[in-house]
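Structure first, then comments.
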Amino acid sequence: MTAMSAHAHDHSHDHGHGHADSHGHHVDLSESNTSMPAGWGKTASLGLLALGVILSIATLVPVFTGMSSTAEDVVKAAKHAMASYHTGFMVMLGLTLGPLGLVLVLNLVKAGWAITIRRQLENMASLVPVAVVLLVPTIVATMIKPDILFKWMSADPAIRGDALLQAKSPFLNPAFFYIRLAIYFVVWIYLATRLNRLSREQDATGNKQLTVQAGLTSAWGILAFALSVAFVSFDLVKSLDYHWFSTMFGVYFFAGNMVTGIAVLVLTLAVIRSTGRLNGLVTAEHMHDVGKLMLGFTVFWAYVTFSQYFLIWYANIPEETAWYMTRAAGGWEIFGPVLILGHFIIPFLIMLWRGSKRTMGIISAVALLLVVMHCLDMFYCIRPNIYMTFGEGVVKGKLGLNWVDITGILGPVLIFVGLLVRKVGSGPLIPLKDPRLAEAIAHKNYV
């Protein structure tokens with residue numbers, strides 16, 4: 001424990017409701033500073049939930065009304081709507097997985113500075129069971145019409161006879177596919193629920209042993225998390241184009257989730273701070289480090305994205321280059337430069353400046369940009385598969401924008417935000433009795 005945190009610990013014995021910050025000033029740990037007002041956010045939560053559900057249903061209507069049609073354009077519209085909803089689902093899933101990964105890492109490395117920001121990450125991760133509910137329409141639609149989203153499930157003899165699909169069939173078969181999905185969600189729900197329960201229990205009991213238990217869970221949990229996140233990206237995104245090979249896609253998906261998870265953390269803390277809460281508990285010092293994490297994972301995402309492209313470009317193997325060829329025409333060619341600018345260059349240049357990490361307005365604006373870019377990134381990965389055409393060795397894509405592309409993404413995301421608002425208002429905003437709370441309050445950046 002540093003001298004400052006020790007001083008903060010000693011100081012806390014003199015005040016029943018506070019600790020000392022890095023300057024030795026009293027920090028308010030009363031309910032008025034560490035919890036939202038009674039009933040806070042209920043109206044907003046209900047409104048966001050209702051809107052999210054309405055938009056999701058509106059997106060899914062063309063799916064379930066068009067599957068049985070014999071008209072090619074109606075079936076195509078159903079597939080389009082399904083892909084758009086799936087895009088929104090994957091964004092929502094990432095908004096729970098990124099924070100879960102961060103909680104595991106913070107517990108594992110005993111990050112004392114992050115205690116006062118950890119609760120909001122736990123709140124986001126605890127919503128992973130909601131992703132199970134939002135996946136149900138996709139599963140039901142797939143069972144009714146197997147190839148509505150995943151072409152490898154098609155009964156078409158031309159597809160079933162594909163040499164690549166036959167080679168991958170031990171992995172890409174419906175029974176094993178559904179078993180894997182069940183395993184992923186069991187792992188995530190267990191980890192998120194257990195870590196959240198240990199943290200909340202410590203609020204009530206102050207038992208330091210619960211911190212040790214969280215660390216032990218995170219030790220094996222981080223491996224299970226890493227493997228499950230990589231494989232779910234193969235199953236739910238990469239297998240949409242079962243011809244495609246990429247050894248880096250799992251890391252690419254992980255990096256994007258971490259960026260957007262941190263970005264939503266920033267926005268959540270900004271909203272909480274705007275109500276006058278967390279004074280002295282989440283300061284410019286903490287936001288500085290959160291900004292470092294956001295910058296670091298933004299660079300990591302760019303590194304992985306470039307590495308994947310470079311290796312595929314250099315090898316020039318048709319099974320790998322087809323993915324990029326699909327996205328190089330038909331309107332999709334604009335997405336590459338937009339993602340390079342919005343997902344890397346602009347955030348990178350802004351967040352390099354020390355002051356931007358410590359200014360809530362600037363870091364929040366960058367965070368909002370990164371959330372939008374992540375939505376475009378998932379859209380870029382998923383939607384082109386619907387309008388792919390093969391001919392003369394060339395794969396071509398078509399943009400084919402429709403209103404469902406907006407409602408499909410907004411629906412699941414708004415459901416997540418609505419539930420997160422409810423979570424934020426449901427209990428303490430920080431782990432009140434974590435043994436390293438004094439260290440977090442005394443935290444200061446020297447670089």
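Ligands are numbered from 1 in the order shown, residues from 1 within each chain, and chains are lettered A, B, ... in the order they appear in the structure tokens.
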When you look at Ile189 in chain A with a cut-off of 8 Å (counting only C-alpha atoms), what residues show up, excluding the ones that are within fewer than 2 positions of it in the same chain? I need them as a list in words. Ser126, Val128, Pro129, Phe185, Val186, Val187, Leu191, Ala192 and Thr193 of chain A
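Residues surrounding Thr275 in chain A within 12 Å are Ser32, Asn33, Thr34, Ser35, Met36, Pro37, Trp40, Gly41, Thr268, Leu269, Ala270, Val271, Ile272, Leu278, Asn279 and Gly425 of chain A [only C-alpha atoms; sequence separation below 3 positions excluded].
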As a list of chain:residue names, please: the residues near Val105 in chain A (cut-off 9 Å, only C-alpha atoms, same-chain neighbours under 5 positions excluded). A:Leu100, A:Lys110, A:Ala111, A:Ser218, A:Ala219, A:Ile222
Applying 7 Å and only C-alpha atoms, which residues near range 360-375 of chain A remain after dropping the ones on its own chain fewer than 6 positions away? List them as an NGL selection string. :A and (91 or 256 or 260 or 263-264 or 266-267 or 270 or 339 or 342-343 or 347)
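Distance check against Asp162 in chain A using only C-alpha atoms: of A:Trp301, A:Tyr242, A:Cys381, A:His86, the minimum falls on A:Tyr242.
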Which neighbours of Ile382 in chain A fall inside 8 Å, counting only C-alpha atoms, when residues of the same chain fewer than 5 positions from it are skipped, and could you give them as number ranges by chain? A: 83, 86-87, 237, 240
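For Tyr178 in chain A, the set of protein, DNA and RNA residues having any atom at most 12 Å away, when counting only C-alpha atoms and skipping those fewer than 3 positions along the same chain, is Leu135, Val136, Thr138, Ile139, Val140, Thr142, Met143, Phe171, Leu172, Asn173, Pro174, Ala175, Leu181, Ala182, Ile183, Tyr184, Phe185, Val232, Asp235 and Leu236 of chain A.
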Output file for the residues above (N, CA and C atoms, as a PDB file, in the first residue's frame):
```pdb
ATOM      1  N   LEU A 135     -31.124 -13.786 -28.514  1.00  0.00           N
ATOM      2  CA  LEU A 135     -30.670 -14.760 -29.509  1.00  0.00           C
ATOM      3  C   LEU A 135     -31.793 -15.713 -29.919  1.00  0.00           C
ATOM      4  N   VAL A 136     -32.841 -15.802 -29.104  1.00  0.00           N
ATOM      5  CA  VAL A 136     -33.941 -16.740 -29.370  1.00  0.00           C
ATOM      6  C   VAL A 136     -34.562 -16.551 -30.758  1.00  0.00           C
ATOM      7  N   THR A 138     -33.251 -15.519 -33.484  1.00  0.00           N
ATOM      8  CA  THR A 138     -32.310 -16.040 -34.470  1.00  0.00           C
ATOM      9  C   THR A 138     -32.343 -17.559 -34.498  1.00  0.00           C
ATOM     10  N   ILE A 139     -32.356 -18.186 -33.328  1.00  0.00           N
ATOM     11  CA  ILE A 139     -32.380 -19.643 -33.248  1.00  0.00           C
ATOM     12  C   ILE A 139     -33.676 -20.194 -33.841  1.00  0.00           C
ATOM     13  N   VAL A 140     -34.807 -19.557 -33.480  1.00  0.00           N
ATOM     14  CA  VAL A 140     -36.103 -20.018 -33.981  1.00  0.00           C
ATOM     15  C   VAL A 140     -36.163 -19.888 -35.502  1.00  0.00           C
ATOM     16  N   THR A 142     -33.706 -19.811 -37.567  1.00  0.00           N
ATOM     17  CA  THR A 142     -32.762 -20.756 -38.166  1.00  0.00           C
ATOM     18  C   THR A 142     -33.327 -22.179 -38.182  1.00  0.00           C
ATOM     19  N   MET A 143     -34.060 -22.523 -37.140  1.00  0.00           N
ATOM     20  CA  MET A 143     -34.660 -23.857 -37.101  1.00  0.00           C
ATOM     21  C   MET A 143     -35.781 -23.991 -38.130  1.00  0.00           C
ATOM     22  N   PHE A 171     -17.116 -29.633 -37.568  1.00  0.00           N
ATOM     23  CA  PHE A 171     -17.323 -28.452 -36.715  1.00  0.00           C
ATOM     24  C   PHE A 171     -18.621 -27.749 -37.080  1.00  0.00           C
ATOM     25  N   LEU A 172     -18.849 -27.544 -38.375  1.00  0.00           N
ATOM     26  CA  LEU A 172     -20.043 -26.829 -38.828  1.00  0.00           C
ATOM     27  C   LEU A 172     -21.183 -27.806 -39.087  1.00  0.00           C
ATOM     28  N   ASN A 173     -21.814 -28.220 -38.000  1.00  0.00           N
ATOM     29  CA  ASN A 173     -23.040 -29.006 -38.110  1.00  0.00           C
ATOM     30  C   ASN A 173     -23.999 -28.507 -37.038  1.00  0.00           C
ATOM     31  N   PRO A 174     -25.297 -28.492 -37.294  1.00  0.00           N
ATOM     32  CA  PRO A 174     -26.259 -27.847 -36.387  1.00  0.00           C
ATOM     33  C   PRO A 174     -26.198 -28.329 -34.946  1.00  0.00           C
ATOM     34  N   ALA A 175     -26.104 -29.635 -34.727  1.00  0.00           N
ATOM     35  CA  ALA A 175     -26.123 -30.156 -33.356  1.00  0.00           C
ATOM     36  C   ALA A 175     -24.953 -29.602 -32.544  1.00  0.00           C
ATOM     37  N   LEU A 181     -22.999 -23.044 -28.499  1.00  0.00           N
ATOM     38  CA  LEU A 181     -23.644 -21.806 -28.037  1.00  0.00           C
ATOM     39  C   LEU A 181     -24.082 -21.942 -26.590  1.00  0.00           C
ATOM     40  N   ALA A 182     -24.646 -23.091 -26.245  1.00  0.00           N
ATOM     41  CA  ALA A 182     -25.089 -23.307 -24.861  1.00  0.00           C
ATOM     42  C   ALA A 182     -23.912 -23.247 -23.895  1.00  0.00           C
ATOM     43  N   ILE A 183     -22.795 -23.839 -24.275  1.00  0.00           N
ATOM     44  CA  ILE A 183     -21.601 -23.833 -23.420  1.00  0.00           C
ATOM     45  C   ILE A 183     -21.098 -22.405 -23.221  1.00  0.00           C
ATOM     46  N   TYR A 184     -21.016 -21.631 -24.304  1.00  0.00           N
ATOM     47  CA  TYR A 184     -20.537 -20.258 -24.189  1.00  0.00           C
ATOM     48  C   TYR A 184     -21.354 -19.473 -23.168  1.00  0.00           C
ATOM     49  N   PHE A 185     -22.674 -19.538 -23.311  1.00  0.00           N
ATOM     50  CA  PHE A 185     -23.527 -18.723 -22.454  1.00  0.00           C
ATOM     51  C   PHE A 185     -23.526 -19.210 -21.008  1.00  0.00           C
ATOM     52  N   VAL A 232     -17.099 -18.039 -30.283  1.00  0.00           N
ATOM     53  CA  VAL A 232     -18.416 -17.500 -30.634  1.00  0.00           C
ATOM     54  C   VAL A 232     -18.307 -16.572 -31.837  1.00  0.00           C
ATOM     55  N   ASP A 235     -18.440 -18.882 -34.760  1.00  0.00           N
ATOM     56  CA  ASP A 235     -19.758 -19.482 -34.961  1.00  0.00           C
ATOM     57  C   ASP A 235     -20.791 -18.486 -35.467  1.00  0.00           C
ATOM     58  N   LEU A 236     -20.837 -17.306 -34.859  1.00  0.00           N
ATOM     59  CA  LEU A 236     -21.927 -16.374 -35.141  1.00  0.00           C
ATOM     60  C   LEU A 236     -21.594 -15.309 -36.174  1.00  0.00           C
TER      61      LEU A 236
END
```
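The nearest approach to Arg200 in chain A among the residues A:Gly39, A:Gly215, A:Pro431, A:Pro99, with only C-alpha atoms taken into account, belongs to A:Pro431.
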As a check of understanding: the span from CA of Gly161 in chain A to CA of Lys76 in chain A is 22.9 Å
Near-Glu201 in chain A list (12 Å; only C-alpha atoms; drop same-chain fewer than 3 positions) as an mmCIF file with all heavy atoms, in the first residue's frame:
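Final output, part-v2.cif:
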```cif
data_model
loop_
_atom_site.group_PDB
_atom_site.id
_atom_site.type_symbol
_atom_site.label_atom_id
_atom_site.label_comp_id
_atom_site.auth_asym_id
_atom_site.auth_seq_id
_atom_site.Cartn_x
_atom_site.Cartn_y
_atom_site.Cartn_z
ATOM 1 N N THR A 193 -22.389 -13.636 -13.181
ATOM 2 C CA THR A 193 -23.246 -13.710 -11.994
ATOM 3 C C THR A 193 -22.424 -13.880 -10.729
ATOM 4 O O THR A 193 -22.683 -13.212 -9.710
ATOM 5 C CB THR A 193 -24.236 -14.889 -12.134
ATOM 6 O OG1 THR A 193 -25.001 -14.718 -13.329
ATOM 7 C CG2 THR A 193 -25.176 -14.953 -10.943
ATOM 8 N N ARG A 194 -21.426 -14.745 -10.781
ATOM 9 C CA ARG A 194 -20.618 -14.992 -9.586
ATOM 10 C C ARG A 194 -19.822 -13.750 -9.186
ATOM 11 O O ARG A 194 -19.807 -13.362 -8.017
ATOM 12 C CB ARG A 194 -19.680 -16.171 -9.811
ATOM 13 C CG ARG A 194 -18.720 -16.407 -8.631
ATOM 14 C CD ARG A 194 -18.012 -17.731 -8.713
ATOM 15 N NE ARG A 194 -16.964 -17.851 -7.702
ATOM 16 C CZ ARG A 194 -17.184 -18.100 -6.405
ATOM 17 N NH1 ARG A 194 -18.427 -18.259 -5.965
ATOM 18 N NH2 ARG A 194 -16.182 -18.199 -5.558
ATOM 19 N N LEU A 195 -19.163 -13.117 -10.140
ATOM 20 C CA LEU A 195 -18.354 -11.948 -9.808
ATOM 21 C C LEU A 195 -19.224 -10.801 -9.320
ATOM 22 O O LEU A 195 -18.843 -10.061 -8.399
ATOM 23 C CB LEU A 195 -17.526 -11.525 -11.027
ATOM 24 C CG LEU A 195 -16.451 -12.533 -11.464
ATOM 25 C CD1 LEU A 195 -15.782 -12.079 -12.747
ATOM 26 C CD2 LEU A 195 -15.407 -12.727 -10.362
ATOM 27 N N ASN A 196 -20.394 -10.637 -9.915
ATOM 28 C CA ASN A 196 -21.306 -9.592 -9.469
ATOM 29 C C ASN A 196 -21.828 -9.889 -8.062
ATOM 30 O O ASN A 196 -21.925 -9.001 -7.211
ATOM 31 C CB ASN A 196 -22.475 -9.464 -10.445
ATOM 32 C CG ASN A 196 -23.285 -8.210 -10.218
ATOM 33 O OD1 ASN A 196 -22.757 -7.102 -10.171
ATOM 34 N ND2 ASN A 196 -24.592 -8.365 -10.070
ATOM 35 N N ARG A 197 -22.140 -11.155 -7.797
ATOM 36 C CA ARG A 197 -22.649 -11.530 -6.476
ATOM 37 C C ARG A 197 -21.590 -11.341 -5.398
ATOM 38 O O ARG A 197 -21.879 -10.823 -4.308
ATOM 39 C CB ARG A 197 -23.095 -12.998 -6.495
ATOM 40 C CG ARG A 197 -23.666 -13.475 -5.160
ATOM 41 C CD ARG A 197 -24.076 -14.930 -5.231
ATOM 42 N NE ARG A 197 -22.963 -15.812 -5.540
ATOM 43 C CZ ARG A 197 -22.035 -16.200 -4.661
ATOM 44 N NH1 ARG A 197 -22.090 -15.767 -3.395
ATOM 45 N NH2 ARG A 197 -21.067 -17.019 -5.026
ATOM 46 N N LEU A 198 -20.344 -11.735 -5.680
ATOM 47 C CA LEU A 198 -19.263 -11.546 -4.709
ATOM 48 C C LEU A 198 -19.061 -10.075 -4.390
ATOM 49 O O LEU A 198 -18.869 -9.689 -3.229
ATOM 50 C CB LEU A 198 -17.959 -12.151 -5.245
ATOM 51 C CG LEU A 198 -17.901 -13.678 -5.359
ATOM 52 C CD1 LEU A 198 -16.616 -14.102 -6.061
ATOM 53 C CD2 LEU A 198 -17.989 -14.324 -3.974
ATOM 54 N N ALA A 204 -22.248 -5.676 1.626
ATOM 55 C CA ALA A 204 -23.044 -5.915 2.832
ATOM 56 C C ALA A 204 -22.204 -6.395 4.005
ATOM 57 O O ALA A 204 -22.446 -6.000 5.158
ATOM 58 C CB ALA A 204 -24.142 -6.939 2.527
ATOM 59 N N THR A 205 -21.194 -7.247 3.715
ATOM 60 C CA THR A 205 -20.453 -7.881 4.814
ATOM 61 C C THR A 205 -19.065 -7.293 5.055
ATOM 62 O O THR A 205 -18.543 -7.389 6.169
ATOM 63 C CB THR A 205 -20.302 -9.384 4.540
ATOM 64 O OG1 THR A 205 -19.451 -9.570 3.385
ATOM 65 C CG2 THR A 205 -21.658 -10.033 4.271
ATOM 66 N N GLY A 206 -18.447 -6.741 4.008
ATOM 67 C CA GLY A 206 -17.078 -6.245 4.144
ATOM 68 C C GLY A 206 -16.049 -7.350 4.233
ATOM 69 O O GLY A 206 -14.880 -7.103 4.571
ATOM 70 N N ASN A 207 -16.427 -8.579 3.937
ATOM 71 C CA ASN A 207 -15.530 -9.730 4.029
ATOM 72 C C ASN A 207 -14.431 -9.637 2.967
ATOM 73 O O ASN A 207 -14.697 -9.729 1.765
ATOM 74 C CB ASN A 207 -16.341 -11.010 3.842
ATOM 75 C CG ASN A 207 -15.496 -12.269 4.015
ATOM 76 O OD1 ASN A 207 -14.290 -12.208 4.240
ATOM 77 N ND2 ASN A 207 -16.142 -13.426 3.901
ATOM 78 N N LYS A 208 -13.182 -9.500 3.411
ATOM 79 C CA LYS A 208 -12.061 -9.363 2.473
ATOM 80 C C LYS A 208 -11.809 -10.652 1.697
ATOM 81 O O LYS A 208 -11.230 -10.623 0.607
ATOM 82 C CB LYS A 208 -10.795 -8.950 3.229
ATOM 83 C CG LYS A 208 -10.881 -7.583 3.883
ATOM 84 C CD LYS A 208 -9.588 -7.236 4.596
ATOM 85 C CE LYS A 208 -9.678 -5.855 5.252
ATOM 86 N NZ LYS A 208 -8.433 -5.498 5.958
ATOM 87 N N GLN A 209 -12.225 -11.783 2.233
ATOM 88 C CA GLN A 209 -12.014 -13.056 1.571
ATOM 89 C C GLN A 209 -12.752 -13.123 0.244
ATOM 90 O O GLN A 209 -12.358 -13.864 -0.666
ATOM 91 C CB GLN A 209 -12.468 -14.199 2.489
ATOM 92 C CG GLN A 209 -12.058 -15.576 2.018
ATOM 93 C CD GLN A 209 -10.536 -15.765 1.950
ATOM 94 O OE1 GLN A 209 -9.796 -15.126 2.712
ATOM 95 N NE2 GLN A 209 -10.070 -16.615 1.045
ATOM 96 N N LEU A 210 -13.809 -12.333 0.095
ATOM 97 C CA LEU A 210 -14.572 -12.318 -1.153
ATOM 98 C C LEU A 210 -13.728 -11.760 -2.302
ATOM 99 O O LEU A 210 -13.901 -12.161 -3.450
ATOM 100 C CB LEU A 210 -15.842 -11.489 -0.983
ATOM 101 C CG LEU A 210 -16.845 -12.040 0.042
ATOM 102 C CD1 LEU A 210 -17.995 -11.058 0.248
ATOM 103 C CD2 LEU A 210 -17.373 -13.394 -0.406
ATOM 104 N N THR A 211 -12.821 -10.847 -2.003
ATOM 105 C CA THR A 211 -11.894 -10.331 -3.015
ATOM 106 C C THR A 211 -10.967 -11.446 -3.503
ATOM 107 O O THR A 211 -10.683 -11.561 -4.693
ATOM 108 C CB THR A 211 -11.065 -9.169 -2.450
ATOM 109 O OG1 THR A 211 -11.934 -8.085 -2.120
ATOM 110 C CG2 THR A 211 -10.033 -8.680 -3.456
ATOM 111 N N GLN A 213 -11.692 -14.673 -3.445
ATOM 112 C CA GLN A 213 -12.513 -15.578 -4.244
ATOM 113 C C GLN A 213 -12.738 -15.047 -5.657
ATOM 114 O O GLN A 213 -12.717 -15.809 -6.636
ATOM 115 C CB GLN A 213 -13.859 -15.800 -3.551
ATOM 116 C CG GLN A 213 -13.763 -16.570 -2.252
ATOM 117 C CD GLN A 213 -15.123 -16.767 -1.607
ATOM 118 O OE1 GLN A 213 -16.144 -16.837 -2.291
ATOM 119 N NE2 GLN A 213 -15.149 -16.853 -0.283
ATOM 120 N N ALA A 214 -12.945 -13.730 -5.778
ATOM 121 C CA ALA A 214 -13.115 -13.125 -7.101
ATOM 122 C C ALA A 214 -11.852 -13.291 -7.938
ATOM 123 O O ALA A 214 -11.912 -13.546 -9.145
ATOM 124 C CB ALA A 214 -13.476 -11.654 -6.966
ATOM 125 N N GLY A 427 -28.498 0.133 -7.065
ATOM 126 C CA GLY A 427 -27.667 -0.121 -5.895
ATOM 127 C C GLY A 427 -26.467 0.802 -5.850
ATOM 128 O O GLY A 427 -26.374 1.769 -6.620
ATOM 129 N N PRO A 428 -25.523 0.520 -4.952
ATOM 130 C CA PRO A 428 -24.327 1.364 -4.830
ATOM 131 C C PRO A 428 -23.567 1.473 -6.148
ATOM 132 O O PRO A 428 -23.470 0.508 -6.903
ATOM 133 C CB PRO A 428 -23.496 0.634 -3.774
ATOM 134 C CG PRO A 428 -24.489 -0.148 -2.971
ATOM 135 C CD PRO A 428 -25.555 -0.564 -3.956
ATOM 136 N N PRO A 431 -18.004 -0.417 -5.288
ATOM 137 C CA PRO A 431 -17.876 -1.444 -4.246
ATOM 138 C C PRO A 431 -17.510 -0.762 -2.919
ATOM 139 O O PRO A 431 -16.356 -0.389 -2.692
ATOM 140 C CB PRO A 431 -16.740 -2.331 -4.756
ATOM 141 C CG PRO A 431 -16.607 -2.020 -6.209
ATOM 142 C CD PRO A 431 -16.988 -0.580 -6.343
ATOM 143 N N LEU A 432 -18.485 -0.603 -2.047
ATOM 144 C CA LEU A 432 -18.320 0.251 -0.859
ATOM 145 C C LEU A 432 -17.316 -0.276 0.155
ATOM 146 O O LEU A 432 -16.699 0.509 0.878
ATOM 147 C CB LEU A 432 -19.677 0.435 -0.176
ATOM 148 C CG LEU A 432 -20.693 1.286 -0.931
ATOM 149 C CD1 LEU A 432 -22.055 1.189 -0.264
ATOM 150 C CD2 LEU A 432 -20.238 2.734 -1.004
ATOM 151 N N LYS A 433 -17.152 -1.596 0.226
ATOM 152 C CA LYS A 433 -16.296 -2.157 1.268
ATOM 153 C C LYS A 433 -15.152 -2.992 0.704
ATOM 154 O O LYS A 433 -14.635 -3.885 1.374
ATOM 155 C CB LYS A 433 -17.134 -2.986 2.248
ATOM 156 C CG LYS A 433 -18.153 -2.140 3.003
ATOM 157 C CD LYS A 433 -18.954 -2.972 3.999
ATOM 158 C CE LYS A 433 -19.983 -2.104 4.730
ATOM 159 N NZ LYS A 433 -20.801 -2.912 5.682
ATOM 160 N N ASP A 434 -14.767 -2.708 -0.528
ATOM 161 C CA ASP A 434 -13.606 -3.388 -1.086
ATOM 162 C C ASP A 434 -12.367 -2.974 -0.309
ATOM 163 O O ASP A 434 -12.173 -1.781 -0.013
ATOM 164 C CB ASP A 434 -13.432 -3.007 -2.564
ATOM 165 C CG ASP A 434 -12.404 -3.879 -3.264
ATOM 166 O OD1 ASP A 434 -11.192 -3.702 -2.995
ATOM 167 O OD2 ASP A 434 -12.798 -4.722 -4.076
#
```
Compare A:Thr96, A:Thr359, A:Ser68, A:Ser307 by their minimum atom-to-atom distance to Ala284 in chain A, counting only C-alpha atoms, and give me the closest one. A:Thr359
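Across the structure, CA of Met92 in chain A and CA of Ile409 in chain A are spaced 8.7 Å apart.
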Taking only range 19-77 of chain A into account, list the residues labelled strand (DSSP E or B) by DSSP (computed from the backbone), as a ChimeraX atom specification. /A:19-20,26-28
Export N, CA, C and O atoms of the chosen residues as a compact mmCIF listing (two decimals), in the first residue's frame?
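The file below, result_1.txt, is the result:
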```
# COMPACT_ATOMS: atom_id res chain seq x y z
N HIS A 19 -13.45 8.58 3.20
CA HIS A 19 -12.02 8.34 3.12
C HIS A 19 -11.37 9.67 2.75
O HIS A 19 -12.04 10.66 2.52
N ALA A 20 -10.05 9.64 2.62
CA ALA A 20 -9.34 10.83 2.15
C ALA A 20 -8.91 10.63 0.72
O ALA A 20 -8.56 9.52 0.32
N HIS A 26 -11.32 15.08 2.76
CA HIS A 26 -12.35 14.11 3.07
C HIS A 26 -13.17 13.79 1.82
O HIS A 26 -13.55 14.69 1.07
N VAL A 27 -13.41 12.49 1.59
CA VAL A 27 -14.22 12.05 0.46
C VAL A 27 -15.52 11.47 0.99
O VAL A 27 -15.52 10.62 1.87
N ASP A 28 -16.61 11.92 0.43
CA ASP A 28 -17.94 11.54 0.90
C ASP A 28 -18.31 10.15 0.39
O ASP A 28 -18.41 9.92 -0.81
```
